[in-house]
file my_file.pdb (PDB, C-alpha atoms)
ATOM      1  CA  MET A  74     110.375  65.695 107.122
ATOM      2  CA  THR A  75     111.671  66.927 110.484
ATOM      3  CA  SER A  76     109.796  69.448 112.601
ATOM      4  CA  ARG A  77     112.465  72.045 111.916
ATOM      5  CA  ARG A  78     112.034  71.663 108.174
ATOM      6  CA  VAL A  79     108.278  71.939 108.669
ATOM      7  CA  PHE A  80     108.895  75.107 110.660
ATOM      8  CA  ARG A  81     111.071  76.662 107.970
ATOM      9  CA  LEU A  82     108.522  75.813 105.275
ATOM     10  CA  THR A  83     105.466  77.038 107.166
ATOM     11  CA  PHE A  84     107.209  80.140 108.467
ATOM     12  CA  GLY A  85     108.248  81.015 104.915
ATOM     13  CA  LEU A  86     104.637  80.688 103.745
ATOM     14  CA  PHE A  87     103.487  82.581 106.817
ATOM     15  CA  ALA A  88     105.839  85.484 106.104
ATOM     16  CA  ALA A  89     104.757  85.475 102.448
ATOM     17  CA  THR A  90     101.097  85.900 103.420
ATOM     18  CA  ILE A  91     102.051  88.891 105.564
ATOM     19  CA  VAL A  92     103.961  90.478 102.691
ATOM     20  CA  PHE A  93     100.993  89.832 100.389
ATOM     21  CA  ALA A  94      98.604  91.451 102.877
ATOM     22  CA  ILE A  95     100.823  94.514 103.293
ATOM     23  CA  LEU A  96     101.200  94.922  99.523
ATOM     24  CA  GLY A  97      97.445  94.553  99.173
ATOM     25  CA  THR A  98      96.901  97.305 101.719
ATOM     26  CA  LEU A  99      99.368  99.518  99.864
ATOM     27  CA  SER A 100      97.373  98.978  96.680
ATOM     28  CA  LEU A 101      94.443 100.785  98.302
ATOM     29  CA  TYR A 102      96.422 103.982  97.784
ATOM     30  CA  ILE A 103      97.040 103.378  94.073
ATOM     31  CA  GLY A 104      93.917 104.469  92.227
ATOM     32  CA  PRO A 105      94.110 102.348  89.054
ATOM     33  CA  VAL A 106      95.166  99.244  90.978
ATOM     34  CA  ARG A 107      92.408  99.755  93.546
ATOM     35  CA  GLU A 108      89.774 100.167  90.853
ATOM     36  CA  PHE A 109      90.959  97.075  88.983
ATOM     37  CA  PHE A 110      90.911  94.797  92.035
ATOM     38  CA  LEU A 111      87.890  96.358  93.771
ATOM     39  CA  PRO A 112      85.460  93.558  92.743
ATOM     40  CA  TYR A 113      87.848  90.982  94.245
ATOM     41  CA  TYR A 114      88.860  92.754  97.448
ATOM     42  CA  GLU A 115      86.756  90.607  99.763
ATOM     43  CA  THR A 116      88.493  87.486  98.446
ATOM     44  CA  LEU A 117      91.892  89.176  98.411
ATOM     45  CA  VAL A 118      91.433  90.101 102.079
ATOM     46  CA  ALA A 119      90.031  86.734 103.153
ATOM     47  CA  ALA A 120      92.649  84.563 101.427
ATOM     48  CA  PRO A 121      95.821  85.883 103.145
ATOM     49  CA  THR A 122      93.984  86.447 106.433
ATOM     50  CA  TRP A 123      92.702  82.887 106.630
ATOM     51  CA  THR A 124      96.058  81.524 105.481
ATOM     52  CA  TYR A 125      97.821  83.593 108.154
ATOM     53  CA  MET A 126      95.446  82.385 110.867
ATOM     54  CA  ALA A 127      95.711  78.746 109.748
ATOM     55  CA  LEU A 128      99.518  78.768 109.622
ATOM     56  CA  LEU A 129     100.000  80.674 112.885
ATOM     57  CA  PRO A 130      99.558  77.683 115.261
ATOM     58  CA  VAL A 131     101.404  75.351 112.873
ATOM     59  CA  VAL A 132     104.467  77.615 112.950
ATOM     60  CA  SER A 133     104.555  77.633 116.764
ATOM     61  CA  LEU A 134     103.834  73.911 117.031
ATOM     62  CA  ALA A 135     106.668  73.052 114.634
ATOM     63  CA  LEU A 136     109.072  75.484 116.311
ATOM     64  CA  TYR A 137     108.697  73.932 119.774
ATOM     65  CA  TRP A 138     108.046  70.313 118.726
ATOM     66  CA  GLU A 139     111.542  68.992 119.429
ATOM     67  CA  ASP A 140     112.050  70.967 122.633
ATOM     68  CA  LEU A 141     108.693  70.007 124.152
ATOM     69  CA  GLY A 142     108.192  66.557 122.662
ATOM     70  CA  VAL A 143     105.002  65.188 121.140
ATOM     71  CA  ARG A 144     102.926  64.842 124.317
ATOM     72  CA  ARG A 145     103.682  68.242 125.826
ATOM     73  CA  SER A 146     103.401  69.991 122.455
ATOM     74  CA  LEU A 147      99.884  68.666 121.922
ATOM     75  CA  LEU A 148      98.849  69.307 125.524
ATOM     76  CA  PHE A 149     100.068  72.913 125.279
ATOM     77  CA  LEU A 150      98.072  73.344 122.074
ATOM     78  CA  LEU A 151      94.939  71.856 123.628
ATOM     79  CA  ALA A 152      95.168  73.726 126.944
ATOM     80  CA  ALA A 153      95.810  77.171 125.480
ATOM     81  CA  SER A 154      93.133  76.713 122.821
ATOM     82  CA  VAL A 155      90.530  75.650 125.401
ATOM     83  CA  ILE A 156      91.393  78.563 127.704
ATOM     84  CA  GLY A 157      91.354  80.979 124.773
ATOM     85  CA  ALA A 158      88.016  79.660 123.519
ATOM     86  CA  ALA A 159      86.467  79.833 126.999
ATOM     87  CA  SER A 160      87.632  83.422 127.527
ATOM     88  CA  GLU A 161      86.409  84.486 124.101
ATOM     89  CA  LEU A 162      83.003  82.844 124.576
ATOM     90  CA  LEU A 163      82.639  84.564 127.944
ATOM     91  CA  GLY A 164      83.676  87.830 126.349
ATOM     92  CA  THR A 165      81.358  87.679 123.354
ATOM     93  CA  ASN A 166      78.370  86.581 125.467
ATOM     94  CA  PHE A 167      78.847  88.380 128.788
ATOM     95  CA  GLY A 168      81.503  91.040 128.210
ATOM     96  CA  ILE A 169      83.910  89.319 130.630
ATOM     97  CA  PRO A 170      86.926  89.679 130.705
ATOM     98  CA  PHE A 171      87.458  91.815 127.569
ATOM     99  CA  GLY A 172      84.456  94.103 127.683
ATOM    100  CA  GLU A 173      81.538  93.948 125.272
ATOM    101  CA  TYR A 174      82.510  93.004 121.708
ATOM    102  CA  HIS A 175      81.609  90.717 118.849
ATOM    103  CA  TYR A 176      83.318  89.269 115.796
ATOM    104  CA  THR A 177      82.283  90.081 112.251
ATOM    105  CA  ASP A 178      82.104  87.362 109.594
ATOM    106  CA  ARG A 179      85.527  88.093 108.078
ATOM    107  CA  LEU A 180      87.227  85.242 109.966
ATOM    108  CA  GLY A 181      84.749  82.620 108.826
ATOM    109  CA  ALA A 182      82.728  80.055 110.769
ATOM    110  CA  LYS A 183      82.312  80.554 114.509
ATOM    111  CA  ILE A 184      82.123  78.391 117.614
ATOM    112  CA  LEU A 185      78.496  78.575 118.815
ATOM    113  CA  GLY A 186      78.058  81.415 116.347
ATOM    114  CA  ASP A 187      80.276  83.718 118.420
ATOM    115  CA  VAL A 188      84.026  83.027 118.165
ATOM    116  CA  PRO A 189      85.815  82.220 114.883
ATOM    117  CA  TYR A 190      87.480  78.809 114.949
ATOM    118  CA  PHE A 191      90.808  80.440 114.121
ATOM    119  CA  ILE A 192      90.876  82.448 117.366
ATOM    120  CA  PRO A 193      91.499  79.784 120.076
ATOM    121  CA  THR A 194      94.568  78.387 118.305
ATOM    122  CA  SER A 195      95.972  81.899 117.940
ATOM    123  CA  TRP A 196      95.956  82.105 121.744
ATOM    124  CA  TYR A 197      98.135  78.998 121.728
ATOM    125  CA  ALA A 198     100.439  80.267 118.989
ATOM    126  CA  LEU A 199     101.301  83.607 120.579
ATOM    127  CA  GLY A 200     100.811  82.260 124.089
ATOM    128  CA  VAL A 201     103.577  79.669 123.782
ATOM    129  CA  LEU A 202     105.925  82.232 122.213
ATOM    130  CA  SER A 203     105.188  84.718 124.993
ATOM    131  CA  TYR A 204     105.585  82.027 127.650
ATOM    132  CA  ASP A 205     108.984  81.097 126.226
ATOM    133  CA  LEU A 206     110.233  84.690 126.039
ATOM    134  CA  ALA A 207     108.906  85.483 129.514
ATOM    135  CA  GLY A 208     110.754  82.481 130.930
ATOM    136  CA  ARG A 209     114.036  83.860 129.627
ATOM    137  CA  LEU A 210     113.596  86.966 131.783
ATOM    138  CA  GLY A 211     114.007  84.919 134.966
ATOM    139  CA  GLY A 212     111.883  84.667 138.105
ATOM    140  CA  GLY A 213     109.342  82.143 139.315
ATOM    141  CA  ARG A 214     105.957  81.094 138.003
ATOM    142  CA  VAL A 215     104.215  84.339 138.903
ATOM    143  CA  ALA A 216     106.909  86.412 137.204
ATOM    144  CA  ARG A 217     106.678  84.207 134.128
ATOM    145  CA  ALA A 218     102.892  84.539 134.044
ATOM    146  CA  LEU A 219     103.114  88.328 134.260
ATOM    147  CA  GLY A 220     105.793  88.319 131.574
ATOM    148  CA  THR A 221     103.588  86.180 129.346
ATOM    149  CA  ALA A 222     100.792  88.715 129.784
ATOM    150  CA  PHE A 223     103.191  91.547 128.925
ATOM    151  CA  PHE A 224     104.346  89.962 125.659
ATOM    152  CA  MET A 225     100.762  89.166 124.675
ATOM    153  CA  VAL A 226      99.507  92.699 125.362
ATOM    154  CA  VAL A 227     102.411  94.116 123.330
ATOM    155  CA  TRP A 228     100.992  92.213 120.351
ATOM    156  CA  ASP A 229      97.520  93.653 120.910
ATOM    157  CA  VAL A 230      98.731  97.253 121.202
ATOM    158  CA  SER A 231      98.719  97.492 117.409
ATOM    159  CA  LEU A 232      96.518  94.479 116.613
ATOM    160  CA  ASP A 233      93.331  95.990 118.007
ATOM    161  CA  PRO A 234      93.568  99.366 116.251
ATOM    162  CA  ALA A 235      94.351  97.602 112.968
ATOM    163  CA  MET A 236      91.464  95.155 113.171
ATOM    164  CA  ASN A 237      88.533  96.768 114.997
ATOM    165  CA  GLN A 238      86.072  99.439 113.930
ATOM    166  CA  GLY A 239      88.120 102.229 115.493
ATOM    167  CA  GLY A 240      90.721 102.282 112.760
ATOM    168  CA  GLY A 241      90.621  99.297 110.454
ATOM    169  CA  THR A 242      89.448  99.465 106.852
ATOM    170  CA  PHE A 243      88.548  95.791 107.101
ATOM    171  CA  VAL A 244      86.814  95.188 110.432
ATOM    172  CA  PHE A 245      87.281  91.811 112.128
ATOM    173  CA  TRP A 246      85.684  92.615 115.488
ATOM    174  CA  GLU A 247      83.698  95.470 116.994
ATOM    175  CA  TYR A 248      83.158  97.062 120.405
ATOM    176  CA  PRO A 249      79.553  98.343 120.436
ATOM    177  CA  GLY A 250      80.301 100.698 123.326
ATOM    178  CA  GLY A 251      83.496 102.002 121.757
ATOM    179  CA  GLY A 252      86.534 102.968 123.793
ATOM    180  CA  PRO A 253      89.329 105.532 124.136
ATOM    181  CA  PHE A 254      92.032 103.597 122.257
ATOM    182  CA  TYR A 255      90.889 103.480 118.639
ATOM    183  CA  GLY A 256      87.470 102.251 119.674
ATOM    184  CA  MET A 257      88.812  99.732 122.206
ATOM    185  CA  PRO A 258      87.977  99.897 125.948
ATOM    186  CA  TRP A 259      90.934  99.681 128.345
ATOM    187  CA  VAL A 260      89.380  96.640 130.038
ATOM    188  CA  ASN A 261      90.214  94.645 126.906
ATOM    189  CA  TRP A 262      93.867  94.574 127.930
ATOM    190  CA  VAL A 263      92.844  93.344 131.374
ATOM    191  CA  GLY A 264      91.137  90.462 129.606
ATOM    192  CA  TRP A 265      94.250  89.780 127.561
ATOM    193  CA  ALA A 266      96.374  89.751 130.702
ATOM    194  CA  VAL A 267      94.009  87.481 132.647
ATOM    195  CA  THR A 268      93.724  84.991 129.785
ATOM    196  CA  SER A 269      97.482  84.999 129.195
ATOM    197  CA  ILE A 270      98.204  84.428 132.882
ATOM    198  CA  ALA A 271      95.790  81.478 132.901
ATOM    199  CA  ILE A 272      97.560  80.004 129.864
ATOM    200  CA  SER A 273     100.959  80.453 131.526
ATOM    201  CA  PHE A 274      99.853  78.632 134.675
ATOM    202  CA  ALA A 275      98.332  75.868 132.539
ATOM    203  CA  PHE A 276     101.663  75.416 130.748
ATOM    204  CA  ASP A 277     103.387  75.220 134.137
ATOM    205  CA  ALA A 278     100.955  72.522 135.269
ATOM    206  CA  LEU A 279     101.709  70.527 132.117
ATOM    207  CA  GLY A 280     105.441  70.442 132.768
ATOM    208  CA  GLY A 281     106.470  73.910 131.675
ATOM    209  CA  MET A 282     109.360  74.840 129.436
ATOM    210  CA  THR A 283     113.027  75.301 130.190
ATOM    211  CA  PRO A 284     114.213  78.944 130.353
ATOM    212  CA  ALA A 285     117.220  77.807 128.295
ATOM    213  CA  PRO A 286     115.756  76.441 125.032
ATOM    214  CA  SER A 287     117.697  74.833 122.217
ATOM    215  CA  ALA A 288     119.825  77.119 120.045
ATOM    216  CA  PHE A 289     117.281  76.767 117.234
ATOM    217  CA  VAL A 290     114.362  77.922 119.384
ATOM    218  CA  ALA A 291     116.494  80.553 121.132
ATOM    219  CA  ARG A 292     117.169  82.201 117.796
ATOM    220  CA  TRP A 293     113.864  81.729 116.011
ATOM    221  CA  ALA A 294     111.281  82.410 118.741
ATOM    222  CA  PRO A 295     112.047  86.167 118.987
ATOM    223  CA  VAL A 296     111.967  86.374 115.186
ATOM    224  CA  VAL A 297     108.551  84.709 114.935
ATOM    225  CA  TYR A 298     107.233  86.885 117.747
ATOM    226  CA  ALA A 299     108.594  90.072 116.151
ATOM    227  CA  VAL A 300     107.134  89.225 112.730
ATOM    228  CA  ASN A 301     103.715  88.693 114.318
ATOM    229  CA  VAL A 302     103.854  92.044 116.090
ATOM    230  CA  LEU A 303     105.279  93.936 113.109
ATOM    231  CA  PHE A 304     102.375  92.825 110.921
ATOM    232  CA  PRO A 305      99.645  94.845 112.702
ATOM    233  CA  ILE A 306     102.133  97.674 113.287
ATOM    234  CA  SER A 307     102.581  97.897 109.509
ATOM    235  CA  ILE A 308      98.824  97.854 108.957
ATOM    236  CA  CYS A 309      98.348 100.644 111.516
ATOM    237  CA  LEU A 310     100.917 102.816 109.761
ATOM    238  CA  LEU A 311      99.340 102.122 106.367
ATOM    239  CA  TYR A 312      95.864 102.930 107.723
ATOM    240  CA  GLY A 313      97.083 106.291 108.982
ATOM    241  CA  LEU A 314      97.117 105.335 112.673
ATOM    242  CA  PRO A 315     100.596 106.620 113.577
ATOM    243  CA  THR A 316     100.079 106.719 117.343
ATOM    244  CA  ALA A 317      99.150 103.029 117.473
ATOM    245  CA  GLY A 318     102.039 102.205 115.159
ATOM    246  CA  VAL A 319     104.605 104.168 117.160
ATOM    247  CA  ILE A 320     103.400 102.731 120.482
ATOM    248  CA  GLY A 321     103.558  99.272 118.917
ATOM    249  CA  ILE A 322     107.123  99.830 117.727
ATOM    250  CA  ALA A 323     108.207 101.187 121.126
ATOM    251  CA  THR A 324     106.687  98.318 123.114
ATOM    252  CA  LEU A 325     108.048  95.715 120.688
ATOM    253  CA  ALA A 326     111.519  97.258 120.965
ATOM    254  CA  LEU A 327     111.255  97.118 124.761
ATOM    255  CA  ALA A 328     110.107  93.487 124.694
ATOM    256  CA  LEU A 329     112.922  92.372 122.395
ATOM    257  CA  ALA A 330     115.503  94.400 124.330
ATOM    258  CA  LEU A 331     114.480  92.656 127.551
ATOM    259  CA  VAL A 332     114.837  89.249 125.918
ATOM    260  CA  ARG A 333     118.193  90.186 124.424
ATOM    261  CA  TRP A 334     119.457  91.584 127.716
ATOM    262  CA  ARG A 335     118.391  88.581 129.775
ATOM    263  CA  THR A 336     119.598  85.884 127.350
ATOM    264  CA  PRO A 337     123.177  86.785 126.422
ATOM    265  CA  SER A 338     123.989  83.113 125.915
ATOM    266  CA  ALA A 339     121.872  83.190 122.745
ATOM    267  CA  ARG A 340     124.317  85.560 121.066
ATOM    268  CA  GLY A 341     126.592  83.984 118.537
ATOM    269  CA  VAL A 342     124.893  80.597 118.691
ATOM    270  CA  ALA A 343     124.612  78.968 115.293
ATOM    271  CA  VAL A 344     121.156  78.075 114.015
ATOM    272  CA  VAL A 345     120.904  74.370 113.262
TER     273      VAL A 345
END
call {"tool": "encode", "arguments": {"input": "my_file.pdb", "output": "structure tokens"}}
result
Amino acid sequence: MTSRRVFRLTFGLFAATIVFAILGTLSLYIGPVREFFLPYYETLVAAPTWTYMALLPVVSLALYWEDLGVRRSLLFLLAASVIGAASELLGTNFGIPFGEYHYTDRLGAKILGDVPYFIPTSWYALGVLSYDLAGRLGGGRVARALGTAFFMVVWDVSLDPAMNQGGGTFVFWEYPGGGPFYGMPWVNWVGWAVTSIAISFAFDALGGMTPAPSAFVARWAPVVYAVNVLFPISICLLYGLPTAGVIGIATLALALALVRWRTPSARGVAVV
């Protein structure tokens, strides 16, 4: 099975878990359905969430496998995961660089009892997508690093309100000190930017990625990125957090418009 077939298969499953999660959230508003499934809600939340988190890095790895090759693909995965894990361990233990926070038990077992094992690979998964899209905007390494940070923060604009104690029905992490944006302190986005910039520079050191990817990646990367961002946007809207949802939609539209504007050569290219 080729990497592109693996991508199509895993992305299909990935999208299905998102649809399942959204439908499950909708069921909270249907009294009889909610009452029927209430004893099973913990399992019904954990199953699609864990499946989503497990498939997330596989989707990105399969998408870029042919463009990056085996060695660079695995090095990108390792580097971003290590940087993500280090940042998260610093954050959960010392409040640097994200501010003070901790994870609940909803994402399963944790590294050193602090960071769920799913989290470091999610930094790789969205980090490599953001790095790719940022590279298409042009500029040198610094510009690409800043662009990577921008695309990553766009994801978190709706992710944090949907998942933390400020708005989420099912809480995956908490900020004990609270914050102005649905319980999140502004410094959290500084942490996202710093970590994303570090990942971008690490990718550069490992050989980087061409700003002109294959037609397959050129078409699919924005789709995968958009689906990831639309998921928490949908949850925000379903949770009654319209401001977070609208800001998420606006920033996603800006991000995709920039990619579209800067990569006209991708238009009309057949997906193979």
call {"tool": "residues_around", "arguments": {"input": "my_file.pdb", "residues": "Thr165 in chain A", "least_positions_apart": "6", "cutoff": "9 Å", "atoms": "all atoms listed in the file", "output": "PDB file with C-alpha atoms, keeping the file's coordinate frame"}}
result
ATOM      1  CA  PHE A 171      87.458  91.815 127.569  1.00  0.00           C
ATOM      2  CA  GLY A 172      84.456  94.103 127.683  1.00  0.00           C
ATOM      3  CA  GLU A 173      81.538  93.948 125.272  1.00  0.00           C
ATOM      4  CA  TYR A 174      82.510  93.004 121.708  1.00  0.00           C
ATOM      5  CA  HIS A 175      81.609  90.717 118.849  1.00  0.00           C
ATOM      6  CA  TYR A 176      83.318  89.269 115.796  1.00  0.00           C
ATOM      7  CA  ASP A 187      80.276  83.718 118.420  1.00  0.00           C
ATOM      8  CA  VAL A 188      84.026  83.027 118.165  1.00  0.00           C
TER       9      VAL A 188
END
call {"tool": "closest_residue", "arguments": {"input": "my_file.pdb", "among": "A:Gly264, A:Gly211, A:Gly251, A:Pro189", "to": "Thr177 in chain A", "atoms": "only C-alpha atoms"}}
result
A:Pro189
call {"tool": "closest_residue", "arguments": {"input": "my_file.pdb", "among": "A:Ile270, A:Ala88, A:Leu202, A:Met257", "to": "Arg214 in chain A", "atoms": "only C-alpha atoms"}}
result
A:Ile270
call {"tool": "resolve_selection", "arguments": {"input": "my_file.pdb", "expression": "the PyMOL selection byres ((chain A and resi 137-147) around 10)", "output": "PyMOL selection string"}}
result
chain A and resi 75-77+80+132-136+148-152+201-202+205+276+279-283+286-287+289-290+294
call {"tool": "closest_residue", "arguments": {"input": "my_file.pdb", "among": "A:Val106, A:Ala119, A:Leu314, A:Ala278", "to": "Ala94 in chain A", "atoms": "only C-alpha atoms"}}
result
A:Ala119
call {"tool": "closest_residue", "arguments": {"input": "my_file.pdb", "among": "A:Val131, A:Leu180, A:Ala222, A:Ile91", "to": "Ser203 in chain A", "atoms": "only C-alpha atoms"}}
result
A:Ala222
call {"tool": "axis_aligned_box", "arguments": {"input": "my_file.pdb", "around": "range 165-168 of chain A", "padding_each_side": "8 Å", "output": "JSON"}}
result
{"center_x": 79.9, "center_y": 88.8, "center_z": 126.1, "size_x": 19.1, "size_y": 20.5, "size_z": 21.4}
call {"tool": "residues_near_point", "arguments": {"input": "my_file.pdb", "point": "(93.7, 83.2, 125.0)", "cutoff": "9 Å", "atoms": "all atoms listed in the file", "output": "VMD selection string"}}
result
chain A and resid 153 to 161 192 to 197 199 to 200 264 to 265 267 to 269 271 to 272
call {"tool": "resolve_selection", "arguments": {"input": "my_file.pdb", "expression": "the PyMOL selection byres ((chain A and resi 330-333) around 8)", "output": "short mmCIF file (atom, residue, chain, number, x, y, z; two decimals) with C-alpha atoms, in the coordinates of the input"}}
result
data_model
loop_
_atom_site.label_atom_id
_atom_site.label_comp_id
_atom_site.auth_asym_id
_atom_site.auth_seq_id
_atom_site.Cartn_x
_atom_site.Cartn_y
_atom_site.Cartn_z
CA LEU A 206 110.23 84.69 126.04
CA ALA A 207 108.91 85.48 129.51
CA ARG A 209 114.04 83.86 129.63
CA LEU A 210 113.60 86.97 131.78
CA ALA A 326 111.52 97.26 120.96
CA LEU A 327 111.26 97.12 124.76
CA ALA A 328 110.11 93.49 124.69
CA LEU A 329 112.92 92.37 122.40
CA TRP A 334 119.46 91.58 127.72
CA ARG A 335 118.39 88.58 129.78
CA THR A 336 119.60 85.88 127.35
CA PRO A 337 123.18 86.78 126.42
#
call {"tool": "closest_residue", "arguments": {"input": "my_file.pdb", "among": "A:Pro284, A:Tyr312, A:Met225, A:Ala323", "to": "Ser100 in chain A", "atoms": "only C-alpha atoms"}}
result
A:Tyr312
call {"tool": "decode", "arguments": {"input": "my_file.pdb", "residues": "range 168-229 of chain A", "atoms": "C-alpha atoms", "output": "PDB file, in the first residue's frame"}}
result
ATOM      1  CA  GLY A 168       4.175  27.681  33.719  1.00  0.00           C
ATOM      2  CA  ILE A 169       6.664  28.465  30.926  1.00  0.00           C
ATOM      3  CA  PRO A 170       5.960  29.275  28.085  1.00  0.00           C
ATOM      4  CA  PHE A 171       2.159  28.796  28.136  1.00  0.00           C
ATOM      5  CA  GLY A 172       1.280  30.026  31.598  1.00  0.00           C
ATOM      6  CA  GLU A 173       0.105  27.810  34.436  1.00  0.00           C
ATOM      7  CA  TYR A 174      -2.089  24.894  33.331  1.00  0.00           C
ATOM      8  CA  HIS A 175      -2.562  21.172  33.708  1.00  0.00           C
ATOM      9  CA  TYR A 176      -4.179  18.358  31.758  1.00  0.00           C
ATOM     10  CA  THR A 177      -7.149  16.389  33.022  1.00  0.00           C
ATOM     11  CA  ASP A 178      -7.318  12.611  32.592  1.00  0.00           C
ATOM     12  CA  ARG A 179      -9.512  12.686  29.472  1.00  0.00           C
ATOM     13  CA  LEU A 180      -6.559  12.180  27.104  1.00  0.00           C
ATOM     14  CA  GLY A 181      -5.267   9.111  28.901  1.00  0.00           C
ATOM     15  CA  ALA A 182      -1.811   8.233  30.213  1.00  0.00           C
ATOM     16  CA  LYS A 183       0.705  11.038  30.668  1.00  0.00           C
ATOM     17  CA  ILE A 184       4.441  11.534  30.277  1.00  0.00           C
ATOM     18  CA  LEU A 185       5.842  11.873  33.820  1.00  0.00           C
ATOM     19  CA  GLY A 186       2.247  12.190  34.971  1.00  0.00           C
ATOM     20  CA  ASP A 187       1.899  15.613  33.332  1.00  0.00           C
ATOM     21  CA  VAL A 188       1.506  15.564  29.531  1.00  0.00           C
ATOM     22  CA  PRO A 189      -0.711  13.072  27.661  1.00  0.00           C
ATOM     23  CA  TYR A 190       1.264  10.931  25.226  1.00  0.00           C
ATOM     24  CA  PHE A 191      -0.989  12.102  22.402  1.00  0.00           C
ATOM     25  CA  ILE A 192       0.097  15.744  22.758  1.00  0.00           C
ATOM     26  CA  PRO A 193       3.724  15.747  21.466  1.00  0.00           C
ATOM     27  CA  THR A 194       2.787  14.058  18.184  1.00  0.00           C
ATOM     28  CA  SER A 195      -0.010  16.578  17.670  1.00  0.00           C
ATOM     29  CA  TRP A 196       2.674  19.282  17.666  1.00  0.00           C
ATOM     30  CA  TYR A 197       4.301  17.390  14.805  1.00  0.00           C
ATOM     31  CA  ALA A 198       1.048  16.846  12.923  1.00  0.00           C
ATOM     32  CA  LEU A 199      -0.095  20.468  12.858  1.00  0.00           C
ATOM     33  CA  GLY A 200       3.463  21.775  12.947  1.00  0.00           C
ATOM     34  CA  VAL A 201       4.437  20.157   9.647  1.00  0.00           C
ATOM     35  CA  LEU A 202       1.202  21.340   8.011  1.00  0.00           C
ATOM     36  CA  SER A 203       1.773  24.881   9.272  1.00  0.00           C
ATOM     37  CA  TYR A 204       5.417  24.792   8.193  1.00  0.00           C
ATOM     38  CA  ASP A 205       4.376  23.726   4.697  1.00  0.00           C
ATOM     39  CA  LEU A 206       1.686  26.400   4.349  1.00  0.00           C
ATOM     40  CA  ALA A 207       3.973  29.088   5.764  1.00  0.00           C
ATOM     41  CA  GLY A 208       6.649  28.180   3.225  1.00  0.00           C
ATOM     42  CA  ARG A 209       4.217  28.843   0.394  1.00  0.00           C
ATOM     43  CA  LEU A 210       3.872  32.461   1.527  1.00  0.00           C
ATOM     44  CA  GLY A 211       7.486  33.192   0.579  1.00  0.00           C
ATOM     45  CA  GLY A 212      10.342  34.768   2.523  1.00  0.00           C
ATOM     46  CA  GLY A 213      13.320  33.340   4.363  1.00  0.00           C
ATOM     47  CA  ARG A 214      13.621  31.140   7.421  1.00  0.00           C
ATOM     48  CA  VAL A 215      12.483  33.798   9.874  1.00  0.00           C
ATOM     49  CA  ALA A 216       9.409  34.598   7.787  1.00  0.00           C
ATOM     50  CA  ARG A 217       8.605  30.900   7.538  1.00  0.00           C
ATOM     51  CA  ALA A 218       8.987  30.457  11.294  1.00  0.00           C
ATOM     52  CA  LEU A 219       6.647  33.372  11.982  1.00  0.00           C
ATOM     53  CA  GLY A 220       4.198  32.004   9.428  1.00  0.00           C
ATOM     54  CA  THR A 221       4.323  28.597  11.097  1.00  0.00           C
ATOM     55  CA  ALA A 222       3.488  30.257  14.411  1.00  0.00           C
ATOM     56  CA  PHE A 223       0.595  32.120  12.777  1.00  0.00           C
ATOM     57  CA  PHE A 224      -0.994  28.973  11.335  1.00  0.00           C
ATOM     58  CA  MET A 225      -0.581  27.143  14.641  1.00  0.00           C
ATOM     59  CA  VAL A 226      -2.149  29.947  16.693  1.00  0.00           C
ATOM     60  CA  VAL A 227      -5.079  30.083  14.250  1.00  0.00           C
ATOM     61  CA  TRP A 228      -5.801  26.473  15.226  1.00  0.00           C
ATOM     62  CA  ASP A 229      -5.717  27.312  18.931  1.00  0.00           C
TER      63      ASP A 229
END
